[in-house]
Every structure is written in structure tokens, then in C-alpha cells.
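> Structure file structure.csv, CSV, C-alpha atoms, is pasted below:
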```csv
chain,number,residue,atom,x,y,z
A,1,MET,CA,0.0,0.0,0.0
A,2,HIS,CA,2.7,2.5,1.0
A,3,SER,CA,4.7,1.4,-2.1
A,4,ASN,CA,1.8,2.2,-4.4
A,5,LYS,CA,1.3,5.6,-2.7
A,6,GLY,CA,5.0,6.3,-3.2
A,7,LEU,CA,4.9,5.4,-6.8
A,8,GLY,CA,1.8,7.5,-7.3
A,9,ALA,CA,3.5,10.5,-5.7
A,10,LEU,CA,6.6,10.0,-7.8
A,11,ASN,CA,4.5,9.7,-11.0
A,12,THR,CA,2.7,13.0,-10.1
A,13,LEU,CA,6.0,14.7,-9.5
A,14,ILE,CA,7.3,13.5,-12.9
A,15,ARG,CA,4.2,14.6,-14.7
A,16,GLY,CA,4.5,18.0,-12.9
A,17,LEU,CA,8.1,18.3,-14.2
A,18,GLN,CA,6.9,17.5,-17.7
A,19,ALA,CA,4.3,20.2,-17.5
A,20,VAL,CA,6.9,22.7,-16.1
A,21,LEU,CA,9.3,21.9,-19.0
A,22,GLY,CA,6.5,22.3,-21.6
A,23,LEU,CA,5.3,25.6,-20.1
A,24,ALA,CA,8.9,26.9,-19.8
A,25,GLY,CA,9.6,26.1,-23.4
A,26,TRP,CA,6.5,27.9,-24.6
A,27,LEU,CA,7.0,31.0,-22.3
A,28,GLY,CA,10.7,31.1,-23.0
A,29,ALA,CA,10.1,31.1,-26.8
A,30,ALA,CA,7.4,33.8,-26.3
A,31,LEU,CA,9.8,36.0,-24.3
A,32,ILE,CA,12.6,35.6,-26.9
A,33,LEU,CA,10.2,36.6,-29.7
A,34,GLY,CA,8.7,39.4,-27.7
A,35,LEU,CA,12.1,41.0,-27.2
A,36,HIS,CA,12.5,41.3,-31.0
A,37,LEU,CA,8.9,42.1,-32.1
A,38,ARG,CA,7.5,45.6,-32.3
A,39,SER,CA,3.8,45.4,-32.5
A,40,ASP,CA,0.7,46.8,-30.7
A,41,LEU,CA,-0.4,43.2,-30.3
A,42,GLU,CA,2.3,42.4,-27.8
A,43,PRO,CA,2.6,40.2,-25.8
A,44,PHE,CA,-0.3,38.2,-27.4
A,45,LEU,CA,1.5,38.1,-30.8
A,46,SER,CA,4.6,36.5,-29.4
A,47,MET,CA,2.6,34.0,-27.4
A,48,ILE,CA,0.6,33.0,-30.5
A,49,LEU,CA,3.8,32.6,-32.5
A,50,ALA,CA,5.5,30.6,-29.8
A,51,PHE,CA,2.5,28.3,-29.7
A,52,GLY,CA,3.0,27.8,-33.5
A,53,LEU,CA,6.6,26.9,-32.8
A,54,VAL,CA,5.3,24.3,-30.2
A,55,ILE,CA,3.1,22.7,-32.9
A,56,ALA,CA,6.1,22.7,-35.3
A,57,ALA,CA,8.2,21.0,-32.6
A,58,VAL,CA,5.4,18.3,-32.2
A,59,VAL,CA,5.7,17.7,-36.0
A,60,VAL,CA,9.5,17.3,-35.5
A,61,HIS,CA,8.9,14.9,-32.7
A,62,GLU,CA,6.4,12.7,-34.5
A,63,GLY,CA,8.6,13.0,-37.6
A,64,GLY,CA,11.4,11.5,-35.6
A,65,HIS,CA,9.2,8.6,-34.6
A,66,TYR,CA,8.2,8.1,-38.2
A,67,LEU,CA,11.9,8.1,-39.4
A,68,GLY,CA,12.8,5.7,-36.6
A,69,ALA,CA,10.1,3.3,-37.7
A,70,ARG,CA,10.9,3.5,-41.4
A,71,LEU,CA,14.6,3.1,-40.9
A,72,ASN,CA,13.8,-0.2,-39.3
A,73,ALA,CA,11.4,-1.3,-42.0
A,74,MET,CA,8.4,-0.9,-39.6
A,75,PRO,CA,5.1,-0.1,-41.5
A,76,VAL,CA,3.4,3.1,-40.3
A,77,LEU,CA,-0.4,3.0,-40.3
A,78,LEU,CA,-1.3,6.4,-38.8
A,79,MET,CA,0.1,9.7,-37.7
A,80,ARG,CA,-1.5,12.5,-35.7
A,81,VAL,CA,-0.5,16.0,-34.7
A,82,ALA,CA,-3.2,17.7,-32.5
A,83,ALA,CA,-6.4,17.2,-34.4
A,84,VAL,CA,-4.8,16.5,-37.8
A,85,GLU,CA,-4.8,12.8,-38.6
A,86,VAL,CA,-2.8,11.3,-41.5
A,87,GLN,CA,-3.4,7.8,-42.8
A,88,VAL,CA,-0.6,6.2,-44.6
A,89,GLN,CA,-1.5,4.1,-47.7
A,90,ARG,CA,0.6,1.9,-50.0
A,91,ARG,CA,0.2,4.6,-52.6
A,92,GLY,CA,0.1,8.1,-51.1
A,93,TRP,CA,-1.7,9.2,-47.9
A,94,GLN,CA,-4.8,11.0,-46.9
A,95,ALA,CA,-5.5,13.5,-44.1
A,96,ARG,CA,-8.5,14.7,-42.1
A,97,TRP,CA,-9.4,16.9,-39.2
A,98,SER,CA,-10.3,14.6,-36.3
A,99,PRO,CA,-10.7,16.1,-32.8
A,100,GLN,CA,-9.7,13.7,-30.1
A,101,LEU,CA,-11.8,12.3,-27.3
A,102,LYS,CA,-11.9,14.3,-24.1
A,103,GLY,CA,-9.5,12.9,-21.6
A,104,ARG,CA,-7.4,11.1,-24.3
A,105,ARG,CA,-5.9,14.1,-26.0
A,106,LEU,CA,-2.3,13.7,-27.2
A,107,GLY,CA,0.0,16.2,-28.8
A,108,GLY,CA,0.9,13.7,-31.4
A,109,LEU,CA,1.0,10.0,-32.3
A,110,VAL,CA,2.7,7.7,-34.7
A,111,LEU,CA,1.0,4.3,-35.0
A,112,SER,CA,3.7,1.9,-36.3
A,113,VAL,CA,3.7,-1.9,-36.5
A,114,ILE,CA,6.6,-4.3,-35.8
A,115,ASN,CA,8.2,-6.1,-38.7
A,116,PRO,CA,8.0,-9.8,-37.8
A,117,LEU,CA,11.2,-10.5,-39.7
A,118,CYS,CA,13.3,-8.3,-37.5
A,119,SER,CA,14.0,-7.9,-33.8
A,120,MET,CA,11.0,-6.4,-32.1
A,121,ARG,CA,13.2,-4.9,-29.3
A,122,ARG,CA,15.6,-3.2,-31.7
A,123,GLN,CA,12.7,-1.8,-33.8
A,124,MET,CA,10.9,-0.3,-30.8
A,125,LEU,CA,14.0,1.2,-29.2
A,126,TRP,CA,14.9,3.0,-32.4
A,127,MET,CA,11.3,4.1,-33.1
A,128,VAL,CA,10.7,5.5,-29.6
A,129,ALA,CA,14.1,7.1,-29.2
A,130,MET,CA,14.1,9.0,-32.5
A,131,GLY,CA,11.2,11.3,-31.4
A,132,PRO,CA,13.0,13.1,-28.6
A,133,LEU,CA,16.4,12.6,-30.3
A,134,LEU,CA,15.2,14.6,-33.4
A,135,ASN,CA,13.9,17.3,-31.1
A,136,LEU,CA,17.3,17.6,-29.5
A,137,LEU,CA,19.2,17.5,-32.8
A,138,VAL,CA,16.9,20.3,-34.2
A,139,SER,CA,17.6,22.3,-31.0
A,140,LEU,CA,21.3,22.0,-31.6
A,141,ALA,CA,20.9,22.9,-35.3
A,142,CYS,CA,18.9,26.0,-34.4
A,143,LEU,CA,21.5,27.1,-31.8
A,144,ALA,CA,24.1,26.9,-34.6
A,145,LEU,CA,21.8,29.0,-36.8
A,146,VAL,CA,21.6,31.6,-34.1
A,147,ALA,CA,25.4,32.1,-34.3
A,148,LEU,CA,25.2,32.5,-38.1
A,149,THR,CA,22.2,34.8,-38.5
A,150,PRO,CA,21.3,38.2,-37.1
A,151,GLY,CA,18.1,39.9,-35.8
A,152,LEU,CA,14.7,38.3,-36.0
A,153,VAL,CA,15.8,35.2,-37.8
A,154,ALA,CA,18.2,34.4,-34.9
A,155,ALA,CA,15.4,35.1,-32.4
A,156,VAL,CA,13.1,32.6,-34.2
A,157,ALA,CA,15.8,30.1,-34.3
A,158,LEU,CA,16.6,30.5,-30.6
A,159,ALA,CA,12.9,30.3,-29.7
A,160,PHE,CA,12.6,27.1,-31.7
A,161,ALA,CA,15.7,25.7,-30.1
A,162,VAL,CA,14.2,26.3,-26.6
A,163,VAL,CA,10.9,24.7,-27.6
A,164,ASN,CA,12.5,21.6,-29.1
A,165,LEU,CA,14.9,21.2,-26.1
A,166,SER,CA,12.0,21.4,-23.6
A,167,MET,CA,9.9,18.9,-25.6
A,168,GLY,CA,12.8,16.5,-26.0
A,169,LEU,CA,13.7,16.5,-22.3
A,170,ALA,CA,10.0,16.3,-21.2
A,171,ASN,CA,9.4,13.2,-23.3
A,172,LEU,CA,12.5,11.5,-21.9
A,173,LEU,CA,11.2,11.8,-18.4
A,174,PRO,CA,9.7,8.3,-17.5
A,175,THR,CA,6.1,8.4,-16.4
A,176,LEU,CA,5.1,5.4,-14.3
A,177,SER,CA,1.3,5.2,-15.0
A,178,GLY,CA,-1.3,6.5,-17.5
A,179,HIS,CA,0.0,7.3,-21.0
A,180,ALA,CA,3.6,6.1,-21.1
A,181,SER,CA,6.2,8.7,-22.1
A,182,ASP,CA,9.0,8.0,-24.5
A,183,GLY,CA,11.4,7.7,-21.5
A,184,ALA,CA,9.2,5.0,-19.9
A,185,LEU,CA,8.9,3.1,-23.1
A,186,LEU,CA,12.7,3.2,-23.7
A,187,ILE,CA,13.3,1.8,-20.2
A,188,ALA,CA,10.6,-0.9,-20.7
A,189,TRP,CA,12.0,-2.0,-24.1
A,190,TRP,CA,15.6,-1.8,-22.9
A,191,ARG,CA,14.7,-4.3,-20.2
A,192,GLN,CA,12.6,-6.5,-22.5
A,193,ARG,CA,14.4,-9.7,-23.5
A,194,ASN,CA,11.5,-12.1,-24.2
A,195,GLU,CA,9.8,-11.2,-27.5
A,196,GLN,CA,7.4,-14.1,-27.1
A,197,SER,CA,6.1,-12.9,-23.8
A,198,ASP,CA,2.3,-12.9,-23.3
A,199,GLU,CA,2.0,-9.1,-23.1
A,200,LEU,CA,3.4,-8.7,-26.6
A,201,ALA,CA,0.8,-10.9,-28.2
A,202,PRO,CA,-1.2,-7.9,-29.6
A,203,MET,CA,1.9,-6.5,-31.3
A,204,ARG,CA,2.9,-9.9,-32.8
A,205,LEU,CA,-0.6,-10.4,-34.2
A,206,LEU,CA,-0.8,-6.9,-35.7
A,207,GLY,CA,2.6,-7.3,-37.2
A,208,LEU,CA,1.7,-10.6,-38.9
A,209,THR,CA,-1.6,-9.2,-40.2
A,210,VAL,CA,0.1,-6.1,-41.7
A,211,ALA,CA,2.7,-8.4,-43.2
A,212,GLY,CA,-0.1,-10.3,-45.0
A,213,VAL,CA,-0.7,-13.3,-42.8
A,214,PRO,CA,-4.5,-14.2,-43.1
A,215,GLY,CA,-6.6,-14.6,-40.0
A,216,GLU,CA,-6.9,-18.4,-40.3
A,217,GLN,CA,-3.0,-18.7,-40.1
A,218,LEU,CA,-2.5,-16.4,-37.1
A,219,PRO,CA,-1.2,-18.1,-33.9
A,220,ALA,CA,-4.3,-19.3,-32.0
A,221,ALA,CA,-2.4,-19.0,-28.7
A,222,ASP,CA,-1.8,-15.3,-29.2
A,223,ILE,CA,-5.5,-14.8,-30.1
A,224,ALA,CA,-6.5,-16.7,-26.9
A,225,LEU,CA,-4.3,-14.3,-24.9
A,226,LEU,CA,-6.0,-11.3,-26.5
A,227,ALA,CA,-9.4,-12.7,-25.5
A,228,GLN,CA,-8.3,-12.7,-21.8
A,229,GLY,CA,-6.7,-9.2,-21.9
A,230,PRO,CA,-8.0,-5.8,-21.1
A,231,MET,CA,-10.2,-3.9,-23.6
A,232,PRO,CA,-10.0,-3.5,-26.6
A,233,GLN,CA,-8.1,-6.8,-26.8
A,234,PRO,CA,-11.1,-9.1,-26.5
A,235,LEU,CA,-12.8,-7.2,-29.3
A,236,LEU,CA,-9.7,-7.6,-31.5
A,237,ALA,CA,-9.6,-11.3,-30.7
A,238,ILE,CA,-13.2,-11.6,-32.1
A,239,ASP,CA,-12.1,-9.6,-35.1
A,240,TYR,CA,-9.2,-11.9,-35.9
A,241,ARG,CA,-11.5,-15.0,-35.5
A,242,PHE,CA,-14.2,-13.4,-37.6
A,243,ALA,CA,-11.8,-12.6,-40.4
A,244,ALA,CA,-10.6,-16.2,-40.5
A,245,ARG,CA,-14.2,-17.5,-40.8
A,246,LEU,CA,-15.0,-14.9,-43.5
A,247,ASN,CA,-12.0,-16.0,-45.5
A,248,GLN,CA,-13.2,-19.6,-45.3
A,249,GLY,CA,-16.7,-18.5,-46.4
A,250,ASP,CA,-18.1,-20.1,-43.3
A,251,TRP,CA,-21.0,-17.7,-42.7
A,252,GLN,CA,-22.6,-19.9,-40.0
A,253,ALA,CA,-19.4,-20.2,-38.0
A,254,ALA,CA,-18.9,-16.4,-38.3
A,255,LEU,CA,-22.4,-15.7,-37.0
A,256,GLN,CA,-21.7,-17.9,-33.9
A,257,LEU,CA,-19.3,-15.2,-32.8
A,258,GLU,CA,-22.2,-12.8,-32.3
A,259,GLN,CA,-23.0,-14.3,-28.9
A,260,GLU,CA,-19.3,-14.0,-27.9
A,261,LEU,CA,-19.4,-10.3,-29.0
A,262,GLU,CA,-22.4,-9.5,-26.9
A,263,ALA,CA,-21.0,-11.3,-23.9
A,264,VAL,CA,-17.8,-9.3,-24.2
A,265,LEU,CA,-19.7,-6.0,-24.5
A,266,GLN,CA,-21.8,-6.8,-21.4
A,267,THR,CA,-18.8,-7.9,-19.4
A,268,HIS,CA,-16.8,-4.8,-20.3
A,269,ALA,CA,-19.7,-2.3,-20.4
A,270,GLN,CA,-17.7,0.2,-18.3
A,271,SER,CA,-14.6,0.1,-20.6
A,272,LEU,CA,-16.1,0.8,-24.0
A,273,THR,CA,-15.2,4.5,-24.3
A,274,GLY,CA,-13.7,5.2,-27.7
A,275,MET,CA,-14.5,1.8,-29.1
A,276,SER,CA,-17.8,2.5,-30.9
A,277,THR,CA,-16.2,2.4,-34.4
A,278,LEU,CA,-14.6,-1.0,-33.8
A,279,ILE,CA,-17.9,-2.4,-32.4
A,280,THR,CA,-19.8,-1.0,-35.4
A,281,LEU,CA,-17.3,-2.6,-37.8
A,282,LEU,CA,-17.9,-6.0,-36.1
A,283,ARG,CA,-21.7,-5.5,-36.4
A,284,ILE,CA,-21.4,-4.6,-40.1
A,285,GLU,CA,-19.4,-7.8,-40.8
A,286,LEU,CA,-22.0,-9.8,-38.8
A,287,GLY,CA,-24.7,-8.3,-41.0
A,288,PHE,CA,-22.7,-9.2,-44.1
A,289,ALA,CA,-22.3,-12.8,-43.0
A,290,ARG,CA,-26.0,-13.1,-42.2
A,291,ALA,CA,-27.0,-11.6,-45.5
A,292,CYS,CA,-24.7,-14.1,-47.3
A,293,LEU,CA,-26.1,-17.0,-45.3
A,294,GLN,CA,-29.8,-16.1,-45.6
A,295,GLN,CA,-29.5,-14.4,-49.1
A,296,ASP,CA,-31.3,-11.4,-47.6
A,297,ALA,CA,-30.1,-7.9,-48.4
A,298,SER,CA,-32.2,-6.5,-45.5
A,299,CYS,CA,-29.6,-7.9,-43.1
A,300,LEU,CA,-26.9,-5.5,-44.4
A,301,TRP,CA,-25.9,-2.5,-42.3
A,302,GLY,CA,-27.6,0.7,-43.4
A,303,ASP,CA,-26.3,3.5,-41.2
A,304,TRP,CA,-23.0,4.8,-42.6
A,305,THR,CA,-23.1,8.2,-40.9
A,306,ASP,CA,-20.0,7.4,-38.8
A,307,ARG,CA,-17.2,8.8,-41.0
A,308,ASP,CA,-14.7,6.6,-39.2
A,309,LEU,CA,-16.1,3.5,-40.9
A,310,ASP,CA,-14.9,4.6,-44.4
A,311,TRP,CA,-11.7,6.0,-42.9
A,312,PHE,CA,-10.6,2.7,-41.3
A,313,ALA,CA,-12.3,0.2,-43.6
A,314,PRO,CA,-13.0,1.9,-47.0
A,315,TRP,CA,-13.5,-1.5,-48.7
A,316,LEU,CA,-16.4,-2.5,-46.4
A,317,ARG,CA,-19.2,-0.2,-47.7
A,318,PRO,CA,-18.6,-1.1,-51.4
A,319,ARG,CA,-18.4,-4.8,-50.6
A,320,CYS,CA,-21.8,-4.6,-48.7
A,321,GLU,CA,-23.2,-2.6,-51.7
A,322,ALA,CA,-21.9,-5.3,-54.0
A,323,LEU,CA,-23.7,-8.0,-52.0
A,324,ARG,CA,-26.9,-6.0,-52.1
A,325,ALA,CA,-26.7,-5.6,-55.8
A,326,PHE,CA,-26.0,-9.3,-56.4
A,327,LEU,CA,-28.9,-10.3,-54.1
A,328,GLN,CA,-31.1,-8.0,-56.2
A,329,GLY,CA,-30.0,-9.6,-59.4
A,330,ASP,CA,-27.8,-6.6,-60.6
A,331,ARG,CA,-24.6,-8.4,-61.5
A,332,GLN,CA,-23.1,-5.5,-63.4
A,333,GLN,CA,-23.6,-3.0,-60.6
A,334,GLY,CA,-22.3,-5.5,-58.1
A,335,GLU,CA,-19.1,-5.9,-60.0
A,336,VAL,CA,-18.6,-2.1,-60.0
A,337,HIS,CA,-18.9,-2.1,-56.2
A,338,LEU,CA,-16.6,-5.1,-55.9
A,339,GLN,CA,-13.9,-3.3,-57.9
A,340,ARG,CA,-14.1,-0.3,-55.6
A,341,ALA,CA,-13.7,-2.6,-52.6
A,342,LEU,CA,-10.7,-4.4,-54.1
A,343,GLN,CA,-9.0,-1.2,-55.1
A,344,ALA,CA,-9.4,0.2,-51.5
A,345,ALA,CA,-8.1,-3.0,-49.9
A,346,GLU,CA,-5.2,-3.2,-52.3
A,347,ASN,CA,-4.1,0.3,-51.3
A,348,SER,CA,-4.1,-0.6,-47.6
A,349,VAL,CA,-0.8,-0.9,-45.7
A,350,VAL,CA,-2.3,-3.9,-44.0
A,351,ARG,CA,-1.5,-6.5,-46.6
A,352,ALA,CA,-3.9,-9.1,-45.3
A,353,HIS,CA,-6.9,-7.1,-46.4
A,354,HIS,CA,-6.5,-7.4,-50.1
A,355,PRO,CA,-6.4,-11.3,-50.4
A,356,SER,CA,-9.3,-11.4,-48.0
A,357,GLU,CA,-11.4,-9.1,-50.2
A,358,VAL,CA,-10.4,-11.2,-53.2
A,359,LEU,CA,-11.8,-14.3,-51.5
A,360,LEU,CA,-15.0,-12.6,-50.5
A,361,ALA,CA,-15.4,-11.2,-54.1
A,362,GLN,CA,-15.2,-14.8,-55.3
A,363,TYR,CA,-17.9,-15.9,-52.8
A,364,LEU,CA,-20.2,-13.1,-53.9
A,365,ARG,CA,-19.7,-13.9,-57.6
A,366,ALA,CA,-20.7,-17.5,-56.8
A,367,LEU,CA,-24.1,-16.4,-55.4
A,368,PRO,CA,-27.2,-17.7,-57.2
A,369,LEU,CA,-28.4,-15.5,-60.1
A,370,ALA,CA,-31.9,-14.9,-58.7
A,371,SER,CA,-32.5,-12.7,-55.7
A,372,SER,CA,-34.4,-14.3,-52.8
A,373,SER,CA,-34.9,-11.2,-50.8
A,374,PRO,CA,-36.7,-7.9,-51.2
A,375,ALA,CA,-34.7,-4.7,-51.9
```
Would you give me this structure, written as C-alpha cells?

Amino acid sequence: MHSNKGLGALNTLIRGLQAVLGLAGWLGAALILGLHLRSDLEPFLSMILAFGLVIAAVVVHEGGHYLGARLNAMPVLLMRVAAVEVQVQRRGWQARWSPQLKGRRLGGLVLSVINPLCSMRRQMLWMVAMGPLLNLLVSLACLALVALTPGLVAAVALAFAVVNLSMGLANLLPTLSGHASDGALLIAWWRQRNEQSDELAPMRLLGLTVAGVPGEQLPAADIALLAQGPMPQPLLAIDYRFAARLNQGDWQAALQLEQELEAVLQTHAQSLTGMSTLITLLRIELGFARACLQQDASCLWGDWTDRDLDWFAPWLRPRCEALRAFLQGDRQQGEVHLQRALQAAENSVVRAHHPSEVLLAQYLRALPLASSSPA
């Protein structure tokens, strides 16, 4: 009990130091800029410009994580700076404005996936370290620029150096609970020696899926570990199992997972914040399997107002529309929708999606010619 209280107090102290460093970086940059700006809007102008430099430093930080990932052949799925979210695709990328959930706001995020052919520990150490390291390197470069340039340019460079220095140091402080800082992650991965440990099952499964391993070939033991873990791991376990049964065209077996899904949702009813899109995606796939089994288009999902659905699974809506068209006897239109689904899946960084959609397209094309359900 006393140990827990001591750790809690230490964590609070470290978080306080992080906040002080962040505030000092912003105010220090504002002060430096304010000494060189001549405007009736002072001190507000310098504070706004300093905040812009903070956002730029976040971009530098997340850019460091991205470089660390790519230098180790780690696929990157998603990047975020404040409310700007960027999704990486096999050809190009797309961005959107996506405000974060209250209580879960992060300055930035890079969602990368381990490469199963390389050392997980080495990949993660490089990816995590490169964020604060690039902040510190940019800070040094800006200090060198100060010595080479005069006036306002030197002031901006010095202010940016201060912001990057504070951000790099703050992220290296190891927080002990809540959202893990880069410093805490570096310590954890430095001490990690067993890459087959139970707690790494989610990372192993995601890495294999992104590399192209289909659901039916994923390690059953790791999926079982997910089913017993904290949310959202039980939902992800159902998703992996569901994908395997869809790939096999076993609609009846896929629908048997519906009871498991409802049981998980009931058991973890207090832990579902932020998981509505994942839950909806599972319900859409259940409706797809039911429509295939019963040959009834009315089973298909009809509410696509959640924009996250098309963002995270752009092949899903056209595949459902293809099934609807086939069940209504419109083969030509169904094929048009199928091609859209296949193109979206082929452009996904997650390589398991495209072969799965190819299989599902074959199953839809094999449906009877006549529709047995109303529109």
C-alpha cells in the first residue's frame, strides 16, 4: 500500500516536471520573440507565434518517430498532430481533421507496427528514441543557426531551439502510469528480453496481419491471450477470428461469434469509451455474413453516418453494396462495387486485407443468379 502511494506520488512529480518543462519552453520562446517584435499586439502576438513553434516541434517529434520506424522497416499506419490525422497508404496518404476524445488528447501520435522478420526490441527502441532525439538535434541545429544569422531570424531560431529542447527533455522523463512517455517506453523496451512474452501478443498479431498473414493462419495461442486481456483486446480477438471465418466462407461459424461479442460487451460495459467504431465494424461484418447465409439484403448494415467507418475500412461499404446488388440480381452494378472494394483494400498498408477481399469477391460472384430477398 505504501509502495503504491510512493509510486503514485513520484509519477505525479514527474508529470509535474513534464508540465513545467513544456510551459517553460513555450513561455521562453514567447519571451525571446517578444524582445524582437515591435507590435501593438504584444505580448499576445509573441505568445501565439510561440504556440505555433510548439506545434512545429510536435511535428518534428512525430517525424522522428516516423523516421525511426521507417529506418527499421516498420510499417506506419497512422500519424497525428493535435487534431490532424494522417493515414498512410501503399500509394500516397490521406489526411483529415479529427478532434480527439476528451481525456485522451495527445500532442501527437505515430502508430507503427513491428516487422515480424526483425528484432522487435531493436525496432521499438529506435522508433521510440528517434522522437526526442530529433527534437534535441533540431535544437542544436537552431543554436548553430543563431550564431550565423542576425536579428529576428536568430530570435526565431533561438525560440525554436528552446521549444525543441524542452519537448525532447520532457518526453524523456519516464512516467510510471497512465499514458507512457518515451522515456518510460525506452526503459521498458531496454529491459525487454523475451519477445514471445504474453503481453506482446497484440503486437505480434498486428505485425503478422500487416505483413499479410491471413486470419486463419495467425497463432491461435496469441488470439487466446487477447481474449483474456483488457479492452479492446477481447474485441480484437473476435475480429481476428471473424476474419478467419469470412476468409473460409463459413457464414454460419462467423455468426456464432455474435454471442461472444455480446458477452464481451456486457462484461466490459464500463470500458467501452472510444471503441464505438470497432464495435460497429464488427456488427457490419456480422450483418454481411448473415446476408450471405440467408441471401437477404435487408440484413446488411444501413447506417454509414460514422465517418470513421470509411476512414478505417474503405472497402467495407462497397463490398456490402456489391452484395446488395448481387442479391437484387444486378450483377453489373455488383461488379462495379466489388472493384471499388478491391482497389481500396489493395491500397491498404495492412496487406492481409486485399487477399481477404479477393476471396470474398469470389464468394459473392458465386451467389445464385436470382434474388431471394426484397430490396
> Go through A:Leu125, A:Pro232, A:Gly131, A:Ala345 and flag the residue nearest Gly274 in chain A, using all atoms listed in the file for the distances.
A:Pro232
> Would you be able to write out as an MDAnalysis selection string which residues have an atom within 10 Å of (-24.9, -9.8, -59.9) in the file's coordinates, counting all atoms listed in the file?
chainID A and resid 322:336 364:371
> Between CA of Leu200 in chain A and CA of Ala188 in chain A, what is the distance, to one decimal in Å?
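Going from CA of Leu200 in chain A over to CA of Ala188 in chain A, I get 12.1 Å.
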> Tell me which protein, DNA and RNA residues are within 10 Å of Gln256 in chain A, counting only C-alpha atoms, leaving out same-chain ones fewer than 5 positions away, and put them as a short mmCIF file (atom, residue, chain, number, x, y, z; two decimals) with C-alpha atoms, in the coordinates of the input.

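The resulting part.cif:
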```cif
data_model
loop_
_atom_site.label_atom_id
_atom_site.label_comp_id
_atom_site.auth_asym_id
_atom_site.auth_seq_id
_atom_site.Cartn_x
_atom_site.Cartn_y
_atom_site.Cartn_z
CA PHE A 242 -14.20 -13.40 -37.60
CA TRP A 251 -21.00 -17.70 -42.70
CA LEU A 261 -19.40 -10.30 -29.00
CA LEU A 286 -22.00 -9.80 -38.80
#
```
> Select all residues near (5.2, 1.0, -40.4) (cut-off 12 Å, inclusive, file coordinates), counting only C-alpha atoms, and output them as number ranges by chain.
A: 65-79, 87-90, 110-116, 123-124, 127, 206-207, 210-211, 348-351
> For Gly302 in chain A, please output as a ChimeraX atom specification all residues within 12 Å (counting only C-alpha atoms; exclusion window: fewer than 2 positions along the same chain).
/A:280,283-284,287-288,297-300,304-306,317,320-321,324
> Which distance in Å separates CA of Ala344 in chain A and CA of Gly249 in chain A, to one decimal?
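According to the coordinates, CA of Ala344 in chain A and CA of Gly249 in chain A are separated by 20.7 Å.
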> Might you pull out every residue within 9 Å of Gly183 in chain A, with only C-alpha atoms counted and same-chain residues fewer than 6 positions away left off, and present them as a short mmCIF file (atom, residue, chain, number, x, y, z; two decimals) with C-alpha atoms, in the frame of the given file?

```cif
data_model
loop_
_atom_site.label_atom_id
_atom_site.label_comp_id
_atom_site.auth_asym_id
_atom_site.auth_seq_id
_atom_site.Cartn_x
_atom_site.Cartn_y
_atom_site.Cartn_z
CA VAL A 128 10.70 5.50 -29.60
CA ALA A 129 14.10 7.10 -29.20
CA ALA A 170 10.00 16.30 -21.20
CA ASN A 171 9.40 13.20 -23.30
CA LEU A 172 12.50 11.50 -21.90
CA LEU A 173 11.20 11.80 -18.40
CA PRO A 174 9.70 8.30 -17.50
CA THR A 175 6.10 8.40 -16.40
#
```
> CA of Ala57 in chain A to CA of Leu176 in chain A: how many Å, to one decimal?
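Distance between the two atoms: 24.2 Å.
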> Taking only C-alpha atoms into account, name the residue in A:Thr209, A:Ser276, A:Gln248, A:Asn194 that is nearest to Arg121 in chain A.
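Smallest distance to Arg121 in chain A is found for A:Asn194.
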> Taking 2 positions as the minimum chain separation for residues in the same chain, which residues sit within 9 Å of range 137-149 of chain A when counting all atoms listed in the file? Answer as an NGL selection string.
:A and (57 or 60 or 132-135 or 151-165)
> Write out as a VMD selection string which residues come within 12 Å of Asp239 in chain A when counting all atoms listed in the file, dropping same-chain ones fewer than 3 positions away.
chain A and resid 205 to 206 209 214 to 216 218 223 226 to 227 232 to 236 242 to 246 254 257 to 258 260 to 261 278 to 286
> With all atoms listed in the file as the basis for distance, which of A:Gly34, A:Ser98, A:Trp315, A:Met167 is at the shortest distance from Ile55 in chain A?
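Going through A:Gly34, A:Ser98, A:Trp315, A:Met167 one by one, the smallest distance to Ile55 in chain A is for A:Met167.
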> Between A:Met120, A:Ala56, A:Leu169, A:Leu265, which is the closest to Arg204 in chain A once you count only C-alpha atoms?
A:Met120
> Restricting the calculation to all atoms listed in the file, which member of A:Leu186, A:Leu225, A:Met275, A:Ala289 is positioned closest to Ala253 in chain A?
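Comparing A:Leu186, A:Leu225, A:Met275, A:Ala289 against Ala253 in chain A, the winner is A:Ala289.
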